[in-house]
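*Asks:* Can you keep this structure in mind? I'll have questions shortly.
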Amino acid sequence: MAIIKNSMNELQNLSVAEISELITSFEDKKPQYVQLMGYYPGIPYDKPVIYYLSETAVSEDHFSIIKLTNNGQYKLEAAFGDTVDLAYCGIKGDGIPEEIKKVNIALVRLRAMNIKNIILSGLYKIDVDKYEKIQLQSDTNYYLNGRVEALPGKYPEYELISFYRTVNTTLNGGKIKGNKYSFKAENESYYKIWKPNESYQVGDYVYVNNTPLKVKKAGISGGVKPWVYPNVPCEKITPDKKPSYCNIDYKENILIEMTDGSIKYESVNNLDLGEWGFGIKVLEARNFIIENVEISECWGDGIYIKDSYNGNIKNVICLDNRRQGLSIIDCDSVNVVDSQFIKTSGTIPETGIDIEPNKNQKVRNVNIVNCICDQNNGYGLLITTPDATAGVSDVNILNLATRNNGLDGFACKTEGDEYSHTIFNINVQNLASSGNKASQIFIEGANGVKVRNGRIENAFDAPLVDLYKVHNVKISDLEMVGNGDGIKIRKGADNVTIEGNYIETVKTCITDDHTNFKKENITINSNNLKSVQQSAIDILEYTSLTITDNAILRTGTDGIKIGNTKRAIISGNKTNNVGLANNKEYGHIMIQGEASEIICENNILANYADPTFLPVGIIAESPQMNYCTFRTLHSHNNSNFGPDKILSNSTINVQDIR
């Protein structure tokens, strides 16, 4: 028959007779047990904890090992089973910061007992100024049935929950909240985040990125975030951070003043507010799972993953964090599924998802599926390598929605020409991108990026797709609608395919920066193009260009316009109703500047009847044109257009036109 006790105090103070009864049963190998009904008097468990008499050498921990007051030879040892709520370890979860030490002691002990499932109920408050955290253990599933919150503090480097060197660890459920709005200033008030057109009073502490400022003259902030370096000498900053985190004009004890809108600030000397406060930090972990968790208001990132392998993030919400929603740094095999990364703001990059290895680091084999990046101040999803020794490869993105972000929706970019092969094999499929204030897709210097299927749209005057010094890029089967240009190629490109897209824009559907940067091996095939004001295709300085089987409808100016091009095929295109600006003579096909080895054939043209300026079929009048062939131009439904204007010389072959 069990001995019943109602509190830990009663359990520790078993009577001599009760202990003797347990000893006898222990020696007879028919051990009796004690049922603990509740850790605290009057607070019963939902089920009792069973304790057996033990001769263990493990030290008393006040929940699993209990030292008996009336017999020092024996202890009581709990038999928890596979699942334990921390309430059974004497932890109330009532928000008392002192409990965090008890939590970590309990987690270590429960791991030693091979407990597989641990429930954290209630509220756990973390003192970030003491660098406290909840340290998870290996081979354990944690169920957060409550909240973890950072206390107000001044220390900018914290992690509320840590997966440091864990193996086979899961965190499921609950809410994690940082101190973005309770970061302490010098006078123990809280720093305010800079916002455009915001009212600030004298004495307010405001931060811009990582720079703290104090308001000297009240007013309204400007409409564009000011850029201010922290007033910290560069020699005190590590080399990796030097470009962004120090003031090269620093002078000891000299205040820097700045004006923003009608506000005047002074710098808070020698401070860098940092950006390393994380909700969850995964470091040197293997086989980790984070699911059904909401992480909000962290000083840095909601989730930060570094030097880890084989992770799964499922059904997570990262909301209103300061630097990033999710950062993936130096990792292999990470899956992010059914998750949202929303309203990141405070310090750059201010991005929903950031895949960004540092120097000598790599990120490989990342899958992002069914995710939303919405209303972040920076990018929606950013893949970048800020150093030539970093690398990102084999990233697959499926069913991504990027909406209403302050910069590009999806950005994949390197920093500088020497990094042009540090990002490769990036695949994006079924992209829904709209309302982002820069481009919906921005690719710079990357090698092997494919974006296929989906819809992108924008009401801003920016290219829907911005390609900058790209290599081996394919944009296909997208529906694109925008007020700026459709696809813009800048600063050179090679091996680019634009295929099967529907592009309707106010400006040009496919264009470039009209510079002399060379573009090679470019294919524009089977697109439906509709330009309201300008040309469908307007490009310059190409070698090995293919423009085939495109349907072009209703352009303000020319249909297809190329210049300074060597080795091009323009074939099988259908142009319908070009030159609707109707303020001068335009061509269905226009070839300008230096042109050689151009074959233009089997194109079909059609027009509205009786325009003021009758469009011309082909305009190719450049005296610098050589070794070109023009033939088999057809009209649709006997459409009228003006006589072709093709300059004749000994190397030009014109045959079977109309």
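Each chain of the structure tokens is named A, B, ... in the order shown, its residues numbered from 1; ligands are numbered from 1 in display order.
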Using only C-alpha atoms, what table do you get, as a tab-separated table, when you list each residue of region 531-559 of chain A with an atom no more than 6 Å from region 494-517 of chain A, its nearest pair of atoms, and their distance in Å rounded to one decimal, rows by chain then rising number?
*Replies:*
residue	atom	partner	partner_atom	distance
A:Ser531	CA	A:Thr505	CA	5.2
A:Val532	CA	A:Val506	CA	4.7
A:Gln533	CA	A:Lys507	CA	5.4
A:Gln534	CA	A:Lys507	CA	5.2
A:Ser535	CA	A:Thr508	CA	5.1
A:Ala536	CA	A:Cys509	CA	4.9
A:Ile537	CA	A:Ile510	CA	4.8
A:Asp538	CA	A:Thr511	CA	4.9
A:Ile539	CA	A:Thr511	CA	5.1
A:Leu540	CA	A:His514	CA	5.5
A:Glu541	CA	A:Asn516	CA	5.9
*Asks:* Give me the residues near Asn377 (chain A) as a ChimeraX atom specification, where near means some atom within 12 Å (using only C-alpha atoms) and where sequence neighbours in that chain fewer than 2 positions away do not count.
*Replies:* /A:195-196,209,225,320-325,341-352,373-375,379-381,403-409,436-438
*Asks:* Store the residues picked out above, limited to C-alpha atoms, as a PDB file, in the first residue's frame.
*Replies:*
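Now in result11.pdb:
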ATOM      1  CA  LYS A 195       9.929  55.768 -37.452  1.00  0.00           C
ATOM      2  CA  PRO A 196       9.267  58.176 -40.343  1.00  0.00           C
ATOM      3  CA  ASN A 209      19.916  50.979 -36.704  1.00  0.00           C
ATOM      4  CA  LYS A 225      15.634  56.775 -42.233  1.00  0.00           C
ATOM      5  CA  ASP A 320       7.978  42.191 -35.186  1.00  0.00           C
ATOM      6  CA  ASN A 321      11.577  41.226 -34.496  1.00  0.00           C
ATOM      7  CA  ARG A 322      14.225  43.910 -34.817  1.00  0.00           C
ATOM      8  CA  ARG A 323      16.890  42.585 -37.215  1.00  0.00           C
ATOM      9  CA  GLN A 324      15.614  39.416 -38.942  1.00  0.00           C
ATOM     10  CA  GLY A 325      12.766  37.002 -38.616  1.00  0.00           C
ATOM     11  CA  PHE A 341       8.035  36.072 -41.095  1.00  0.00           C
ATOM     12  CA  ILE A 342       6.298  39.386 -40.554  1.00  0.00           C
ATOM     13  CA  LYS A 343       6.943  43.057 -39.694  1.00  0.00           C
ATOM     14  CA  THR A 344      10.683  42.903 -39.032  1.00  0.00           C
ATOM     15  CA  SER A 345      11.953  46.428 -38.297  1.00  0.00           C
ATOM     16  CA  GLY A 346      14.560  48.304 -36.319  1.00  0.00           C
ATOM     17  CA  THR A 347      18.055  47.600 -37.657  1.00  0.00           C
ATOM     18  CA  ILE A 348      19.228  46.514 -41.100  1.00  0.00           C
ATOM     19  CA  PRO A 349      18.725  44.226 -42.957  1.00  0.00           C
ATOM     20  CA  GLU A 350      15.189  44.076 -41.368  1.00  0.00           C
ATOM     21  CA  THR A 351      14.432  40.966 -43.429  1.00  0.00           C
ATOM     22  CA  GLY A 352      11.911  38.165 -43.087  1.00  0.00           C
ATOM     23  CA  CYS A 373       7.340  37.128 -45.774  1.00  0.00           C
ATOM     24  CA  ASP A 374       5.113  40.160 -45.231  1.00  0.00           C
ATOM     25  CA  GLN A 375       5.580  43.819 -44.187  1.00  0.00           C
ATOM     26  CA  TYR A 379      13.714  42.323 -47.901  1.00  0.00           C
ATOM     27  CA  GLY A 380      11.112  39.612 -47.842  1.00  0.00           C
ATOM     28  CA  LEU A 381      13.626  36.797 -48.395  1.00  0.00           C
ATOM     29  CA  ARG A 403       4.239  41.033 -49.805  1.00  0.00           C
ATOM     30  CA  ASN A 404       4.529  44.689 -48.851  1.00  0.00           C
ATOM     31  CA  ASN A 405       8.188  44.626 -47.868  1.00  0.00           C
ATOM     32  CA  GLY A 406      10.294  47.800 -47.840  1.00  0.00           C
ATOM     33  CA  LEU A 407      12.894  46.501 -50.316  1.00  0.00           C
ATOM     34  CA  ASP A 408      12.872  43.619 -52.810  1.00  0.00           C
ATOM     35  CA  GLY A 409      10.499  40.728 -52.279  1.00  0.00           C
ATOM     36  CA  ASN A 436       7.242  45.248 -52.343  1.00  0.00           C
ATOM     37  CA  LYS A 437       8.655  48.761 -52.650  1.00  0.00           C
ATOM     38  CA  ALA A 438      11.676  47.851 -54.777  1.00  0.00           C
TER      39      ALA A 438
END
*Asks:* For CA of Met480 (chain A) and CA of Lys413 (chain A), quote the distance in Å rounded to one decimal.
*Replies:*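 Computing it gives 21.3 Å between the two atoms.
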*Asks:* Could you pull the residues within 10 Å of Ile305 (chain A), counting only C-alpha atoms, minus those fewer than 4 positions along the same chain, as JSON, numbers by chain?
*Replies:* {"A": [163, 280, 281, 282, 283, 284, 285, 301, 309, 311, 326, 327, 328, 329, 330, 331, 334, 355]}
*Asks:* Which residues are close to Glu275 (chain A), i.e. within 7 Å by only C-alpha atoms, leaving aside same-chain residues fewer than 5 positions away? Reply as number ranges by chain.
*Replies:* A: 156, 299-300, 323
*Asks:* With N, CA, C and O atoms retained, write the just-selected residues as a JSON list (two decimals), in the first residue's frame.
*Replies:*
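What landed in out_25.json:
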[["chain", "number", "residue", "atom", "x", "y", "z"],
["A", 156, "PRO", "N", 22.73, 43.66, -25.17],
["A", 156, "PRO", "CA", 22.19, 43.43, -26.52],
["A", 156, "PRO", "C", 22.49, 42.05, -27.09],
["A", 156, "PRO", "O", 22.18, 41.78, -28.23],
["A", 299, "TRP", "N", 15.41, 41.59, -29.85],
["A", 299, "TRP", "CA", 16.33, 42.69, -30.15],
["A", 299, "TRP", "C", 17.10, 42.42, -31.44],
["A", 299, "TRP", "O", 17.48, 43.33, -32.15],
["A", 300, "GLY", "N", 17.33, 41.16, -31.75],
["A", 300, "GLY", "CA", 17.98, 40.79, -33.00],
["A", 300, "GLY", "C", 17.05, 39.96, -33.87],
["A", 300, "GLY", "O", 16.12, 40.49, -34.49],
["A", 323, "ARG", "N", 15.91, 42.69, -36.14],
["A", 323, "ARG", "CA", 16.89, 42.59, -37.22],
["A", 323, "ARG", "C", 16.44, 41.63, -38.31],
["A", 323, "ARG", "O", 16.40, 41.99, -39.48]]
*Asks:* Which of region 111-319 of chain A end up as alpha helix (DSSP H) when DSSP is run on this backbone - answer as a count of residues only?
*Replies:* 6
*Asks:* Select, from A:Ile256, A:Ala87, A:Ile383, A:Val369, the residue with the minimum atom-to-atom distance to Leu400 (chain A), counting only C-alpha atoms.
*Replies:*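 Answer, going by the shortest atom-to-atom distance: A:Val369.
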*Asks:* Would you return as a PyMOL selection string the members of region 298-363 of chain A that DSSP assigns to strand (DSSP E or B) on this structure's backbone?
*Replies:* chain A and resi 301-314+317-319+324-337+340-342+351-355+362-363
*Asks:* Which is closest to Met113 (chain A) among A:Met37, A:Ile65, A:Asn607, A:Leu431, if we use only C-alpha atoms?
*Replies:*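 The closest residue to Met113 (chain A) is A:Ile65.
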*Asks:* Give me the residues within 10 Å of Ser138 (chain A) as a ChimeraX atom specification, counting only C-alpha atoms and dropping any in the same chain fewer than 4 places off.
*Replies:* /A:107-108,111,114,116,163-170,285-288
*Asks:* Keeping all heavy atoms for every residue in the selection just given, could you write it to a file as a compact mmCIF listing (two decimals), in the first residue's frame?
*Replies:*
# COMPACT_ATOMS: atom_id res chain seq x y z
N LEU A 107 16.39 20.55 -16.28
CA LEU A 107 16.53 19.99 -17.63
C LEU A 107 17.74 19.07 -17.74
O LEU A 107 17.70 18.03 -18.40
CB LEU A 107 16.63 21.12 -18.66
CG LEU A 107 15.42 22.06 -18.78
CD1 LEU A 107 15.60 23.02 -19.95
CD2 LEU A 107 14.11 21.30 -18.90
N VAL A 108 18.83 19.46 -17.10
CA VAL A 108 20.02 18.59 -17.11
C VAL A 108 19.73 17.28 -16.39
O VAL A 108 20.08 16.19 -16.87
CB VAL A 108 21.22 19.32 -16.46
CG1 VAL A 108 22.40 18.37 -16.26
CG2 VAL A 108 21.65 20.50 -17.31
N ARG A 111 17.38 15.02 -18.40
CA ARG A 111 18.11 14.38 -19.49
C ARG A 111 18.90 13.18 -18.98
O ARG A 111 18.94 12.11 -19.61
CB ARG A 111 19.06 15.41 -20.13
CG ARG A 111 20.10 14.82 -21.07
CD ARG A 111 19.49 14.32 -22.36
NE ARG A 111 20.50 13.72 -23.21
CZ ARG A 111 20.77 12.42 -23.27
NH1 ARG A 111 20.11 11.56 -22.52
NH2 ARG A 111 21.70 11.96 -24.09
N ASN A 114 16.92 10.19 -18.74
CA ASN A 114 16.37 9.72 -20.01
C ASN A 114 14.88 10.01 -20.17
O ASN A 114 14.13 9.25 -20.79
CB ASN A 114 16.62 8.22 -20.19
CG ASN A 114 18.09 7.90 -20.33
OD1 ASN A 114 18.82 8.58 -21.04
ND2 ASN A 114 18.54 6.85 -19.64
N LYS A 116 12.04 11.67 -22.00
CA LYS A 116 11.97 12.04 -23.43
C LYS A 116 11.11 13.26 -23.70
O LYS A 116 11.33 13.97 -24.67
CB LYS A 116 11.43 10.85 -24.24
CG LYS A 116 12.32 9.62 -24.19
CD LYS A 116 13.71 9.91 -24.73
CE LYS A 116 14.59 8.69 -24.71
NZ LYS A 116 15.98 8.98 -25.12
N PHE A 163 19.63 26.04 -28.36
CA PHE A 163 19.87 24.67 -28.81
C PHE A 163 21.38 24.43 -28.92
O PHE A 163 21.83 23.81 -29.87
CB PHE A 163 19.26 24.45 -30.20
CG PHE A 163 17.79 24.18 -30.23
CD1 PHE A 163 16.87 25.19 -30.04
CD2 PHE A 163 17.31 22.91 -30.48
CE1 PHE A 163 15.52 24.96 -30.11
CE2 PHE A 163 15.96 22.65 -30.55
CZ PHE A 163 15.05 23.67 -30.36
N TYR A 164 22.16 24.90 -28.00
CA TYR A 164 23.62 24.80 -28.12
C TYR A 164 24.08 23.34 -28.01
O TYR A 164 23.89 22.67 -27.01
CB TYR A 164 24.29 25.64 -27.04
CG TYR A 164 25.80 25.58 -27.06
CD1 TYR A 164 26.50 25.92 -28.22
CD2 TYR A 164 26.51 25.19 -25.94
CE1 TYR A 164 27.89 25.87 -28.24
CE2 TYR A 164 27.90 25.15 -25.96
CZ TYR A 164 28.58 25.48 -27.12
OH TYR A 164 29.95 25.43 -27.15
N ARG A 165 24.68 22.84 -29.09
CA ARG A 165 25.26 21.50 -29.17
C ARG A 165 24.26 20.41 -28.81
O ARG A 165 24.62 19.37 -28.26
CB ARG A 165 26.50 21.40 -28.27
CG ARG A 165 27.67 22.23 -28.79
CD ARG A 165 28.93 21.99 -28.01
NE ARG A 165 30.05 22.70 -28.64
CZ ARG A 165 31.28 22.74 -28.15
NH1 ARG A 165 31.57 22.10 -27.03
NH2 ARG A 165 32.22 23.41 -28.78
N THR A 166 23.01 20.63 -29.14
CA THR A 166 22.01 19.59 -28.92
C THR A 166 21.96 18.63 -30.10
O THR A 166 22.31 18.99 -31.23
CB THR A 166 20.62 20.19 -28.71
OG1 THR A 166 20.25 20.94 -29.89
CG2 THR A 166 20.59 21.10 -27.49
N VAL A 167 21.52 17.42 -29.82
CA VAL A 167 21.30 16.40 -30.85
C VAL A 167 19.93 15.79 -30.60
O VAL A 167 19.59 15.43 -29.47
CB VAL A 167 22.38 15.30 -30.79
CG1 VAL A 167 22.12 14.24 -31.86
CG2 VAL A 167 23.77 15.88 -30.94
N ASN A 168 19.11 15.72 -31.67
CA ASN A 168 17.78 15.11 -31.57
C ASN A 168 16.90 15.84 -30.54
O ASN A 168 16.37 15.23 -29.60
CB ASN A 168 17.89 13.63 -31.20
CG ASN A 168 18.71 12.84 -32.19
OD1 ASN A 168 18.66 13.10 -33.39
ND2 ASN A 168 19.46 11.88 -31.70
N THR A 169 16.75 17.15 -30.73
CA THR A 169 15.98 17.97 -29.80
C THR A 169 14.85 18.67 -30.54
O THR A 169 15.04 19.19 -31.64
CB THR A 169 16.88 19.01 -29.12
OG1 THR A 169 17.90 18.32 -28.39
CG2 THR A 169 16.10 19.89 -28.17
N THR A 170 13.67 18.70 -29.91
CA THR A 170 12.48 19.34 -30.48
C THR A 170 11.93 20.36 -29.51
O THR A 170 11.84 20.11 -28.30
CB THR A 170 11.39 18.29 -30.77
OG1 THR A 170 11.87 17.37 -31.76
CG2 THR A 170 10.12 18.94 -31.29
N ALA A 285 24.20 22.45 -33.54
CA ALA A 285 23.17 21.46 -33.23
C ALA A 285 22.97 20.51 -34.40
O ALA A 285 23.26 20.84 -35.55
CB ALA A 285 21.85 22.16 -32.89
N ARG A 286 22.46 19.34 -34.10
CA ARG A 286 22.17 18.32 -35.11
C ARG A 286 20.76 17.77 -34.87
O ARG A 286 20.38 17.50 -33.74
CB ARG A 286 23.19 17.18 -35.05
CG ARG A 286 24.65 17.61 -35.21
CD ARG A 286 24.92 18.11 -36.62
NE ARG A 286 26.32 18.49 -36.82
CZ ARG A 286 26.79 19.72 -36.66
NH1 ARG A 286 25.98 20.70 -36.27
NH2 ARG A 286 28.06 20.00 -36.87
N ASN A 287 20.02 17.62 -35.96
CA ASN A 287 18.70 16.99 -35.89
C ASN A 287 17.77 17.74 -34.92
O ASN A 287 17.30 17.20 -33.93
CB ASN A 287 18.81 15.52 -35.46
CG ASN A 287 19.76 14.73 -36.33
OD1 ASN A 287 19.95 15.03 -37.51
ND2 ASN A 287 20.37 13.72 -35.76
N PHE A 288 17.51 19.00 -35.24
CA PHE A 288 16.67 19.83 -34.37
C PHE A 288 15.35 20.15 -35.07
O PHE A 288 15.27 20.22 -36.30
CB PHE A 288 17.39 21.13 -33.98
CG PHE A 288 17.73 22.02 -35.15
CD1 PHE A 288 16.86 23.01 -35.57
CD2 PHE A 288 18.94 21.87 -35.82
CE1 PHE A 288 17.18 23.82 -36.64
CE2 PHE A 288 19.27 22.69 -36.89
CZ PHE A 288 18.38 23.66 -37.30
*Asks:* Between CA of Leu76 (chain A) and CA of Gln12 (chain A), what is the distance, to one decimal in Å?
*Replies:*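 So the answer is 8.5 Å.
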*Asks:* Calculated over only C-alpha atoms, which of the candidates A:Ile599, A:Lys362, A:Gln592, A:Phe613 has the smallest distance to Asn577 (chain A)?
*Replies:*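 Checking each of A:Ile599, A:Lys362, A:Gln592, A:Phe613 against Asn577 (chain A), counting only C-alpha atoms, the winner is A:Phe613.
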*Asks:* Using CA of Gly90 (chain A) and CA of Glu77 (chain A) as the two end points, give the distance in Å to one decimal.
*Replies:*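 Between CA of Gly90 (chain A) and CA of Glu77 (chain A) the gap is 14.7 Å.
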*Asks:* Near Gly572 (chain A), counting only C-alpha atoms, which residues have an atom at most 7 Å away, once you skip same-chain residues fewer than 2 positions from it, shown as number ranges by chain?
*Replies:* A: 548-549, 574, 602-603
